[in-house]
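K.L.:
What follows is a single structure, and I will ask about it in a moment.
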Amino acid sequence: AYEAVTEYLGFKGEEAGKTMGLSSYGKSSNLPTIISKDFRNKELFVFEDIGGCYLPHIKENILNFYSKKDIAWKIQDDTQKMVGDIIEEAVKKTNIKQVCCSGGYFLNCVTNYYLAKRFPDIKFYFEPISNDAGTSIGAAKLVWYEKTQDTTIHPQKTLYYGPKYSNKKLKKQIKKFQNMFNPYKITSEQVAKLISERNIVCIFQGRSEAGPRALGNRSILYDPTDPNGKDFVNKVKKREWFRPFAGTVLLEKANEWFDMAGLEESPFMMYAMDVWPDKQEIIKAITHVDGTCRIQTVTEEQNPHYYKLIQEFEKITGVPILFNTSFNLAGDPLVETIEDALETMLKSEMKYMYVPELGYLLEKK
């Protein structure tokens, strides 16, 4: 149903994240229920044999009388309440206080936070690659448990599952672009200063992230305190104006800036959390219109170079957070190789890339 509404709004079915971002601009109105626990509104949907459905663009469709942002708000509100009701019923029947959520819908970080706040006594696990891309991990885990009969729970500790590249290979690939980029030796302190001066700095390091979230290895970084930051970076990335951005915060400072709703951490960026009211104006670039921000918490153990960079940024600005978005332009996948990264920069206004393993800053000529 969420996918059907996404397509009705003019996006592709797999671009449900856009609907989620737009929903925060909508409001409660006298819109009809789109979906509830018991049914999809049969007056709205056309059902297909294979179990799918779509919303026809016809005059008689009552949704045509409402704005796109209100329709987005309604499908978001309907579905998160419906999922909550199903979980509540399951918990009452079983008395189990641990709930594991998977399937593409649970990439909806607004819903995930809603559930965490609605059920403070339940321990949730939201699989960070909960869409089809995560089936390889599920298959591997299934075989592991079948073969070993291991009853220990092995929590997901990292998503940096991409290929490894040696420093020698990185330097060789960079050399191909020597007519277009100047390499400089640089410290994390100098990179933090560059970001604090409101320059976009891309970061390329280590193994790429599995799943849809950039977690500091293939990221575009910016100053979260720039009040015009959202509009500026959306323009550079060629994204829609209404789409929000994420932030990465030092884990030990997270509770000072965000209502963590009892969560210990958010290493995989699975929640859009409330920014404390007195902090919203400070980090305006990453505070969405509804006062939330999708956040990643980070520790030195999880990502030492990234952690150090945020520490240095905090020393300069007093803010232990970096504006973090995926290293790609609209419609492209995240970059994988350093050649992908440099070619993406050449197609955009982005000028700087930090390669911490080499201690390099690459500046576009």
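Each chain in the structure tokens gets a letter, A, B, ..., in the order shown, and its residues are numbered from 1; ligands are numbered from 1 in order too.
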Contacts of A:Asp278 at 12 Å or less, counting only C-alpha atoms, minus same-chain residues fewer than 4 places along, as a list in words?
P.N.:
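Skipping anything fewer than 4 positions along the chain leaves Glu256, Trp257, Phe258, Asp259, Asp274, Ile282, Ile283, Lys284, Thr287 and Gly291 of chain A.
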K.L.:
Take the residues that were just selected and, keeping N, CA and C atoms, output them as a short mmCIF file (atom, residue, chain, number, x, y, z; two decimals), in the first residue's frame.
P.N.:
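Ended up saving to out03.cif:
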data_model
loop_
_atom_site.label_atom_id
_atom_site.label_comp_id
_atom_site.auth_asym_id
_atom_site.auth_seq_id
_atom_site.Cartn_x
_atom_site.Cartn_y
_atom_site.Cartn_z
N GLU A 256 22.32 14.27 24.76
CA GLU A 256 22.28 15.72 24.96
C GLU A 256 21.57 16.44 23.82
N TRP A 257 21.52 15.80 22.65
CA TRP A 257 20.99 16.44 21.45
C TRP A 257 19.69 15.83 20.96
N PHE A 258 19.46 14.55 21.30
CA PHE A 258 18.31 13.83 20.76
C PHE A 258 17.57 13.08 21.85
N ASP A 259 16.25 12.96 21.69
CA ASP A 259 15.45 12.12 22.57
C ASP A 259 15.61 10.68 22.09
N ASP A 274 13.48 12.62 17.72
CA ASP A 274 13.21 14.02 18.05
C ASP A 274 14.50 14.70 18.46
N ILE A 282 20.17 25.11 16.46
CA ILE A 282 21.63 24.98 16.35
C ILE A 282 21.99 24.09 15.17
N ILE A 283 21.26 22.97 15.03
CA ILE A 283 21.57 22.03 13.93
C ILE A 283 20.43 22.05 12.91
N LYS A 284 20.15 23.25 12.43
CA LYS A 284 18.99 23.45 11.56
C LYS A 284 19.10 22.68 10.24
N THR A 287 17.75 19.20 10.98
CA THR A 287 16.48 19.08 11.70
C THR A 287 15.34 19.22 10.70
N GLY A 291 10.82 18.48 13.39
CA GLY A 291 11.69 18.50 14.57
C GLY A 291 12.46 17.22 14.82
#
K.L.:
Determine, counting only C-alpha atoms, which protein, DNA and RNA residues have an atom within 12 Å of an atom of A:Asn234; residues of the same chain fewer than 6 positions away are not included. Present the result as JSON, numbers by chain.
P.N.:
{"A": [200, 220, 222, 228, 240, 241, 242, 243, 244, 245, 285, 286, 325, 326, 328, 329, 330, 348, 349]}
K.L.:
Can you pull out the residues contacting stretch 189-199 of chain A? Cut-off 7 Å, using only C-alpha atoms, and skip same-chain residues under 2 positions away; I want them as a PDB file with all heavy atoms, in the first residue's frame.
P.N.:
ATOM      1  N   ILE A 186      46.965  15.897   4.836  1.00  0.00           N
ATOM      2  CA  ILE A 186      46.060  16.670   5.705  1.00  0.00           C
ATOM      3  C   ILE A 186      45.780  15.911   6.995  1.00  0.00           C
ATOM      4  O   ILE A 186      45.882  14.685   7.033  1.00  0.00           O
ATOM      5  CB  ILE A 186      44.738  16.979   4.955  1.00  0.00           C
ATOM      6  CG1 ILE A 186      44.004  18.153   5.605  1.00  0.00           C
ATOM      7  CG2 ILE A 186      43.848  15.744   4.866  1.00  0.00           C
ATOM      8  CD1 ILE A 186      42.902  18.742   4.749  1.00  0.00           C
ATOM      9  N   THR A 187      45.448  16.648   8.043  1.00  0.00           N
ATOM     10  CA  THR A 187      45.064  16.037   9.321  1.00  0.00           C
ATOM     11  C   THR A 187      43.543  16.121   9.485  1.00  0.00           C
ATOM     12  O   THR A 187      42.884  16.933   8.834  1.00  0.00           O
ATOM     13  CB  THR A 187      45.717  16.770  10.501  1.00  0.00           C
ATOM     14  OG1 THR A 187      45.212  18.115  10.541  1.00  0.00           O
ATOM     15  CG2 THR A 187      47.244  16.802  10.356  1.00  0.00           C
ATOM     16  N   VAL A 201      32.660  18.255   2.156  1.00  0.00           N
ATOM     17  CA  VAL A 201      33.827  17.372   2.077  1.00  0.00           C
ATOM     18  C   VAL A 201      33.310  15.931   2.006  1.00  0.00           C
ATOM     19  O   VAL A 201      32.606  15.474   2.915  1.00  0.00           O
ATOM     20  CB  VAL A 201      34.764  17.536   3.293  1.00  0.00           C
ATOM     21  CG1 VAL A 201      35.928  16.540   3.194  1.00  0.00           C
ATOM     22  CG2 VAL A 201      35.303  18.965   3.377  1.00  0.00           C
ATOM     23  N   TYR A 222      28.949  17.697   5.808  1.00  0.00           N
ATOM     24  CA  TYR A 222      28.747  19.152   5.782  1.00  0.00           C
ATOM     25  C   TYR A 222      28.514  19.641   7.213  1.00  0.00           C
ATOM     26  O   TYR A 222      28.374  18.853   8.149  1.00  0.00           O
ATOM     27  CB  TYR A 222      27.563  19.495   4.866  1.00  0.00           C
ATOM     28  CG  TYR A 222      27.455  20.977   4.548  1.00  0.00           C
ATOM     29  CD1 TYR A 222      28.479  21.639   3.861  1.00  0.00           C
ATOM     30  CD2 TYR A 222      26.339  21.708   4.946  1.00  0.00           C
ATOM     31  CE1 TYR A 222      28.385  22.998   3.583  1.00  0.00           C
ATOM     32  CE2 TYR A 222      26.241  23.061   4.663  1.00  0.00           C
ATOM     33  CZ  TYR A 222      27.272  23.701   3.983  1.00  0.00           C
ATOM     34  OH  TYR A 222      27.179  25.043   3.709  1.00  0.00           O
ATOM     35  N   ASP A 223      28.443  20.947   7.348  1.00  0.00           N
ATOM     36  CA  ASP A 223      28.251  21.601   8.638  1.00  0.00           C
ATOM     37  C   ASP A 223      26.761  21.602   8.996  1.00  0.00           C
ATOM     38  O   ASP A 223      25.969  22.248   8.316  1.00  0.00           O
ATOM     39  CB  ASP A 223      28.785  23.039   8.540  1.00  0.00           C
ATOM     40  CG  ASP A 223      28.611  23.830   9.820  1.00  0.00           C
ATOM     41  OD1 ASP A 223      28.040  23.299  10.788  1.00  0.00           O
ATOM     42  OD2 ASP A 223      29.059  24.992   9.855  1.00  0.00           O
ATOM     43  N   LEU A 309      37.257  12.655  13.412  1.00  0.00           N
ATOM     44  CA  LEU A 309      36.870  13.837  12.641  1.00  0.00           C
ATOM     45  C   LEU A 309      35.733  14.605  13.337  1.00  0.00           C
ATOM     46  O   LEU A 309      35.761  15.840  13.424  1.00  0.00           O
ATOM     47  CB  LEU A 309      36.431  13.417  11.230  1.00  0.00           C
ATOM     48  CG  LEU A 309      36.009  14.525  10.273  1.00  0.00           C
ATOM     49  CD1 LEU A 309      37.131  15.529  10.050  1.00  0.00           C
ATOM     50  CD2 LEU A 309      35.556  13.932   8.938  1.00  0.00           C
ATOM     51  N   GLU A 312      37.076  16.453  16.316  1.00  0.00           N
ATOM     52  CA  GLU A 312      37.768  17.690  15.926  1.00  0.00           C
ATOM     53  C   GLU A 312      36.760  18.780  15.547  1.00  0.00           C
ATOM     54  O   GLU A 312      36.968  19.956  15.842  1.00  0.00           O
ATOM     55  CB  GLU A 312      38.725  17.422  14.757  1.00  0.00           C
ATOM     56  CG  GLU A 312      39.884  16.490  15.086  1.00  0.00           C
ATOM     57  CD  GLU A 312      40.840  17.054  16.128  1.00  0.00           C
ATOM     58  OE1 GLU A 312      40.797  18.276  16.388  1.00  0.00           O
ATOM     59  OE2 GLU A 312      41.629  16.272  16.691  1.00  0.00           O
ATOM     60  N   PHE A 313      35.674  18.379  14.899  1.00  0.00           N
ATOM     61  CA  PHE A 313      34.635  19.345  14.541  1.00  0.00           C
ATOM     62  C   PHE A 313      34.002  19.928  15.804  1.00  0.00           C
ATOM     63  O   PHE A 313      33.712  21.130  15.872  1.00  0.00           O
ATOM     64  CB  PHE A 313      33.573  18.659  13.670  1.00  0.00           C
ATOM     65  CG  PHE A 313      32.513  19.597  13.160  1.00  0.00           C
ATOM     66  CD1 PHE A 313      32.750  20.430  12.071  1.00  0.00           C
ATOM     67  CD2 PHE A 313      31.264  19.652  13.776  1.00  0.00           C
ATOM     68  CE1 PHE A 313      31.764  21.298  11.597  1.00  0.00           C
ATOM     69  CE2 PHE A 313      30.270  20.513  13.313  1.00  0.00           C
ATOM     70  CZ  PHE A 313      30.526  21.341  12.225  1.00  0.00           C
TER      71      PHE A 313
END
K.L.:
Report as a PyMOL selection string all protein, DNA and RNA residues lying within 9 Å of A:Tyr352, evaluated on only C-alpha atoms, omitting residues in the same chain fewer than 3 positions from it.
P.N.:
chain A and resi 199-203+345+361-364
K.L.:
Kindly indicate which residue among A:Met82, A:Ile295, A:Ile129, A:Val275 lies nearest to A:Val249, using only C-alpha atoms for the distances.
P.N.:
A:Ile295
K.L.:
Let's see if you can do this: from backbone DSSP, list all strand (DSSP E) residues in stretch 78-212 of chain A, as a PyMOL selection string.
P.N.:
chain A and resi 98-101+123-126+181-185+201-204
K.L.:
What separation in Å, quoted to one decimal, exists between atom CA of A:Pro320 and atom CA of A:Glu300?
P.N.:
13.3 Å
K.L.:
Restricting the calculation to only C-alpha atoms: of A:Val319, A:Met350, A:Cys109, A:Ile86, which residue gets closest to A:Lys235?
P.N.:
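Using only C-alpha atoms, A:Lys235 sits closest to A:Met350.
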K.L.:
What lies within 12 Å of A:Tyr307 using only C-alpha atoms, ignoring chain neighbours under 3 positions off, as a list in words?
P.N.:
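Those residues are Ser188, Glu189, Ala192, Leu215, Gly216, Asn217, Thr248, Val249, Leu250, Leu251, Glu252, Gln296, Thr297, Val298, Thr299, Glu300, Glu301, Gln302, Asn303, Pro304, Ile310, Gln311, Glu312, Phe313, Glu314, Pro320, Ile321, Leu322 and Pro356 of chain A.
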K.L.:
Just the selected residues (N, CA, C and O atoms), exported as an mmCIF file, in the first residue's frame, please.
P.N.:
data_model
loop_
_atom_site.group_PDB
_atom_site.id
_atom_site.type_symbol
_atom_site.label_atom_id
_atom_site.label_comp_id
_atom_site.auth_asym_id
_atom_site.auth_seq_id
_atom_site.Cartn_x
_atom_site.Cartn_y
_atom_site.Cartn_z
ATOM 1 N N SER A 188 43.012 15.312 10.395
ATOM 2 C CA SER A 188 41.569 15.355 10.647
ATOM 3 C C SER A 188 41.163 16.728 11.194
ATOM 4 O O SER A 188 40.053 17.203 10.931
ATOM 5 N N GLU A 189 42.051 17.359 11.941
ATOM 6 C CA GLU A 189 41.766 18.703 12.462
ATOM 7 C C GLU A 189 41.563 19.704 11.320
ATOM 8 O O GLU A 189 40.640 20.530 11.342
ATOM 9 N N ALA A 192 38.203 18.998 9.592
ATOM 10 C CA ALA A 192 37.105 19.527 10.410
ATOM 11 C C ALA A 192 36.981 21.037 10.224
ATOM 12 O O ALA A 192 35.866 21.571 10.145
ATOM 13 N N LEU A 215 27.290 5.449 6.261
ATOM 14 C CA LEU A 215 27.674 5.423 7.672
ATOM 15 C C LEU A 215 29.113 5.888 7.883
ATOM 16 O O LEU A 215 29.813 5.397 8.770
ATOM 17 N N GLY A 216 29.547 6.828 7.043
ATOM 18 C CA GLY A 216 30.850 7.440 7.261
ATOM 19 C C GLY A 216 31.994 6.845 6.468
ATOM 20 O O GLY A 216 33.132 7.292 6.591
ATOM 21 N N ASN A 217 31.731 5.821 5.650
ATOM 22 C CA ASN A 217 32.780 5.286 4.765
ATOM 23 C C ASN A 217 32.594 5.737 3.324
ATOM 24 O O ASN A 217 33.562 5.838 2.574
ATOM 25 N N THR A 248 25.429 12.362 12.065
ATOM 26 C CA THR A 248 26.191 11.377 12.840
ATOM 27 C C THR A 248 26.680 12.067 14.103
ATOM 28 O O THR A 248 27.305 13.122 14.035
ATOM 29 N N VAL A 249 26.397 11.452 15.238
ATOM 30 C CA VAL A 249 26.714 12.055 16.536
ATOM 31 C C VAL A 249 27.596 11.099 17.337
ATOM 32 O O VAL A 249 27.449 9.877 17.254
ATOM 33 N N LEU A 250 28.535 11.661 18.098
ATOM 34 C CA LEU A 250 29.324 10.842 19.023
ATOM 35 C C LEU A 250 28.370 10.190 20.018
ATOM 36 O O LEU A 250 27.520 10.866 20.610
ATOM 37 N N LEU A 251 28.469 8.887 20.197
ATOM 38 C CA LEU A 251 27.508 8.159 21.022
ATOM 39 C C LEU A 251 27.359 8.770 22.413
ATOM 40 O O LEU A 251 26.247 8.934 22.917
ATOM 41 N N GLU A 252 28.476 9.153 23.016
ATOM 42 C CA GLU A 252 28.415 9.653 24.394
ATOM 43 C C GLU A 252 27.721 11.011 24.511
ATOM 44 O O GLU A 252 27.355 11.440 25.604
ATOM 45 N N GLN A 296 22.780 8.593 13.237
ATOM 46 C CA GLN A 296 23.730 7.500 13.423
ATOM 47 C C GLN A 296 24.581 7.861 14.627
ATOM 48 O O GLN A 296 25.137 8.958 14.686
ATOM 49 N N THR A 297 24.655 6.972 15.592
ATOM 50 C CA THR A 297 25.622 7.154 16.675
ATOM 51 C C THR A 297 26.904 6.425 16.289
ATOM 52 O O THR A 297 26.860 5.398 15.613
ATOM 53 N N VAL A 298 28.041 6.953 16.729
ATOM 54 C CA VAL A 298 29.304 6.327 16.353
ATOM 55 C C VAL A 298 30.254 6.320 17.548
ATOM 56 O O VAL A 298 30.258 7.248 18.364
ATOM 57 N N THR A 299 31.017 5.241 17.669
ATOM 58 C CA THR A 299 32.058 5.130 18.693
ATOM 59 C C THR A 299 33.412 5.008 18.003
ATOM 60 O O THR A 299 33.492 4.709 16.802
ATOM 61 N N GLU A 300 34.456 5.197 18.793
ATOM 62 C CA GLU A 300 35.807 5.086 18.227
ATOM 63 C C GLU A 300 36.070 3.680 17.713
ATOM 64 O O GLU A 300 36.719 3.487 16.683
ATOM 65 N N GLU A 301 35.534 2.701 18.414
ATOM 66 C CA GLU A 301 35.720 1.296 18.007
ATOM 67 C C GLU A 301 35.037 1.011 16.675
ATOM 68 O O GLU A 301 35.570 0.295 15.828
ATOM 69 N N GLN A 302 33.853 1.589 16.465
ATOM 70 C CA GLN A 302 33.091 1.314 15.239
ATOM 71 C C GLN A 302 33.737 1.941 14.007
ATOM 72 O O GLN A 302 33.719 1.358 12.919
ATOM 73 N N ASN A 303 34.255 3.161 14.141
ATOM 74 C CA ASN A 303 34.806 3.864 12.975
ATOM 75 C C ASN A 303 35.796 4.931 13.459
ATOM 76 O O ASN A 303 35.439 6.103 13.608
ATOM 77 N N PRO A 304 37.057 4.544 13.730
ATOM 78 C CA PRO A 304 38.011 5.456 14.376
ATOM 79 C C PRO A 304 38.276 6.757 13.626
ATOM 80 O O PRO A 304 38.331 7.829 14.237
ATOM 81 N N ILE A 310 34.751 13.864 13.858
ATOM 82 C CA ILE A 310 33.638 14.520 14.555
ATOM 83 C C ILE A 310 34.134 15.157 15.858
ATOM 84 O O ILE A 310 33.700 16.257 16.232
ATOM 85 N N GLN A 311 35.053 14.491 16.529
ATOM 86 C CA GLN A 311 35.657 15.080 17.731
ATOM 87 C C GLN A 311 36.321 16.426 17.408
ATOM 88 O O GLN A 311 36.171 17.404 18.143
ATOM 89 N N GLU A 312 37.076 16.453 16.316
ATOM 90 C CA GLU A 312 37.768 17.690 15.926
ATOM 91 C C GLU A 312 36.760 18.780 15.547
ATOM 92 O O GLU A 312 36.968 19.956 15.842
ATOM 93 N N PHE A 313 35.674 18.379 14.899
ATOM 94 C CA PHE A 313 34.635 19.345 14.541
ATOM 95 C C PHE A 313 34.002 19.928 15.804
ATOM 96 O O PHE A 313 33.712 21.130 15.872
ATOM 97 N N GLU A 314 33.819 19.073 16.816
ATOM 98 C CA GLU A 314 33.242 19.554 18.077
ATOM 99 C C GLU A 314 34.167 20.570 18.755
ATOM 100 O O GLU A 314 33.709 21.563 19.333
ATOM 101 N N PRO A 320 28.946 18.112 18.487
ATOM 102 C CA PRO A 320 29.561 16.795 18.274
ATOM 103 C C PRO A 320 28.871 15.988 17.173
ATOM 104 O O PRO A 320 28.706 14.772 17.283
ATOM 105 N N ILE A 321 28.471 16.682 16.107
ATOM 106 C CA ILE A 321 27.626 16.069 15.068
ATOM 107 C C ILE A 321 28.108 16.532 13.702
ATOM 108 O O ILE A 321 28.478 17.697 13.541
ATOM 109 N N LEU A 322 28.070 15.644 12.729
ATOM 110 C CA LEU A 322 28.297 16.034 11.329
ATOM 111 C C LEU A 322 27.058 15.722 10.502
ATOM 112 O O LEU A 322 26.396 14.700 10.704
ATOM 113 N N PRO A 356 41.079 9.229 4.621
ATOM 114 C CA PRO A 356 41.831 9.174 5.875
ATOM 115 C C PRO A 356 42.934 8.135 5.922
ATOM 116 O O PRO A 356 43.977 8.361 6.551
#
K.L.:
Out of stretch 177-224 of chain A, which residues get alpha helix (DSSP H) from DSSP, as a ChimeraX atom specification?
P.N.:
/A:188-196
K.L.:
Residues near stretch 331-339 of chain A, anyone? I mean within 12 Å using only C-alpha atoms, not counting same-chain ones fewer than 4 positions away, as a PyMOL selection string.
P.N.:
chain A and resi 11-12+14-15+160-167+169-178+181+202-220+237-240+325-327+343-347+353-355+362
K.L.:
Would you mind telling me which residue in A:Ala272, A:Ala116, A:Cys100, A:Ile34 lies nearest to A:Thr79 when using only C-alpha atoms?
P.N.:
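Looking only at the distances to A:Thr79, the closest residue turns out to be A:Ile34.
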K.L.:
Have a look at atom CA of A:Asn41 and atom CA of A:Asp85 and let me know their distance in Å, one decimal.
P.N.:
17.5 Å
K.L.:
Interatomic distance between atom CA of A:Phe268 and atom CA of A:Ala4?
P.N.:
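Spanning atom CA of A:Phe268 to atom CA of A:Ala4 is a straight-line distance of 26.8 Å.
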K.L.:
Check the smallest atom-to-atom distance from each of A:Lys123, A:His288, A:His154, A:Lys97 to A:Glu264 using only C-alpha atoms, then report the winner.
P.N.:
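Smallest distance to A:Glu264 is found for A:Lys123.
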K.L.:
Please identify all polymer residues within 10 Å of A:Gln98, counting only C-alpha atoms, omitting same-chain residues fewer than 3 positions from it, and present them as a ChimeraX atom specification.
P.N.:
/A:91,95,121-125
K.L.:
Would you save the residues from that selection as a short mmCIF file (atom, residue, chain, number, x, y, z; two decimals), in the first residue's frame, using N, CA and C atoms?
P.N.:
data_model
loop_
_atom_site.label_atom_id
_atom_site.label_comp_id
_atom_site.auth_asym_id
_atom_site.auth_seq_id
_atom_site.Cartn_x
_atom_site.Cartn_y
_atom_site.Cartn_z
N VAL A 91 2.09 -9.15 21.11
CA VAL A 91 2.71 -9.12 22.44
C VAL A 91 1.72 -9.55 23.52
N ASN A 95 3.12 -12.51 25.31
CA ASN A 95 3.83 -11.93 26.45
C ASN A 95 5.33 -11.83 26.20
N ASP A 121 8.57 -0.63 26.82
CA ASP A 121 8.98 -1.85 27.53
C ASP A 121 9.39 -2.98 26.59
N ILE A 122 9.29 -2.74 25.30
CA ILE A 122 9.66 -3.77 24.33
C ILE A 122 11.04 -3.47 23.76
N LYS A 123 11.84 -4.51 23.66
CA LYS A 123 13.16 -4.37 23.03
C LYS A 123 13.01 -4.72 21.55
N PHE A 124 13.22 -3.73 20.69
CA PHE A 124 13.07 -3.94 19.25
C PHE A 124 14.41 -4.22 18.59
N TYR A 125 14.38 -5.04 17.58
CA TYR A 125 15.52 -5.17 16.66
C TYR A 125 14.99 -4.91 15.25
#
K.L.:
From the options A:Leu63, A:Gly84, A:Met180, A:Leu44, which residue's atoms come nearest to A:Tyr113, counting only C-alpha atoms?
P.N.:
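Looking at the shortest contact to A:Tyr113, the residue is A:Gly84.
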K.L.:
Of the candidates A:Ala16, A:Ile75, A:Thr317, A:Ala1, which shows the shortest atom-to-atom distance to A:Pro32, using only C-alpha atoms?
P.N.:
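Among A:Ala16, A:Ile75, A:Thr317, A:Ala1, it is A:Ile75 that comes nearest to A:Pro32.
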